[in-house]
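Accompanying notes for the structure given below.
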Amino acid sequence: QVQLVESGGGLVQAGGSLRLSCAASGPTFSRNTMGWFRQAPGKERELIASIWWNGGNTYYADSVKGRFTISRDNAKNTVVLQMNSLKPEDTAVYYCAAQSSGVYKYWGQGTQVTVSS
């Protein structure tokens, strides 16, 4: 069982930066692939970044590649999404999620990110 709590969302102007953090609890965190998803109004939830248990492999959606960076600290049970050069189309609720047996099974409550033009 993994419990996840996101923080760091807010309102920022276009071109600005935000740093989202996900605090995890549970005995298996260091073995879970972790992901950040987002869901904009009227759109489906989409995976935008993920990182293997050891940080050895990362994935980024084309829409955020080169602007967002995912990282993790297994000693602190945290996953971070650094978001730079934010655009209004990045406005969404952002969710942290943990895989179990290859499926994103555990989810945080989400944090709102709003980018003004």
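Starting from 1 in every chain, residues are counted up; chains themselves are A, B, ... following the order of the structure tokens, and ligands are numbered from 1 as listed.
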
With only C-alpha atoms as the counted atoms, please give the residues lying no more than 12 Å from A:Gly102, apart from itself and same-chain residues fewer than 2 positions off, as a ChimeraX atom specification. /A:31-35,52-53,97-100,104-106

Would you kindly return, as a ChimeraX atom specification, each protein, DNA or RNA residue with an atom no farther than 12 Å from any atom of A:Gly8, considering only C-alpha atoms and excluding same-chain residues fewer than 3 positions away? /A:5,11-12,17-23,79-83,93-96,110-114

Would you return as a ChimeraX atom specification the members of chain A that DSSP assigns to strand (DSSP E or B) on this structure's backbone? /A:3-7,10-13,18-25,34-39,46-51,58-60,68-73,78-83,92-100,103-107,111-116

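Checking A:Asp62, A:Gln13, A:Thr28, A:Gln3 one by one against A:Asn74, counting only C-alpha atoms, you find the shortest gap at A:Thr28.
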
For atom CA of A:Gln39 and atom CA of A:Ala92, quote the distance in Å rounded to one decimal.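 Distance reported for this atom pair: 5.2 Å.
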
What is the distance, in Å and to one decimal place, between atom CA of A:Thr58 and atom CA of A:Ser116?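 Between atom CA of A:Thr58 and atom CA of A:Ser116 the gap is 28.3 Å.
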
Between atom CA of A:Glu44 and atom CA of A:Pro88, what is the distance in Å, rounded to a tenth? 17.1 Å

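Among the candidates A:Gly108, A:Arg38, A:Gly55, A:Gly26, the residue lying nearest to A:Gln1 is A:Gly26 (atoms considered: only C-alpha atoms).
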
Closest of A:Gly66, A:Pro41, A:Pro27, A:Gly10 to A:Glu89 - atom-to-atom distances counting only C-alpha atoms: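 The closest residue to A:Glu89 is A:Pro41.
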
Go through chain A and collect every residue that DSSP, computed from the backbone, puts in helix (DSSP H, G or I); the answer should be as a VMD selection string. chain A and resid 29 to 31 88 to 90

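If only C-alpha atoms are the atoms counted, then among A:Thr69, A:Ser85, A:Ser50, A:Thr78 the closest residue to A:Glu6 is A:Thr78.
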
Which residue of A:Val2, A:Ser7, A:Ser25, A:Arg72 approaches A:Ile51 most closely, using only C-alpha atoms: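 So, comparing all the options, the nearest one is A:Arg72.
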
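Comparing A:Ser117, A:Leu47, A:Thr91, A:Ser101 by their smallest distance to A:Ala61, the closest is A:Leu47 (using only C-alpha atoms).
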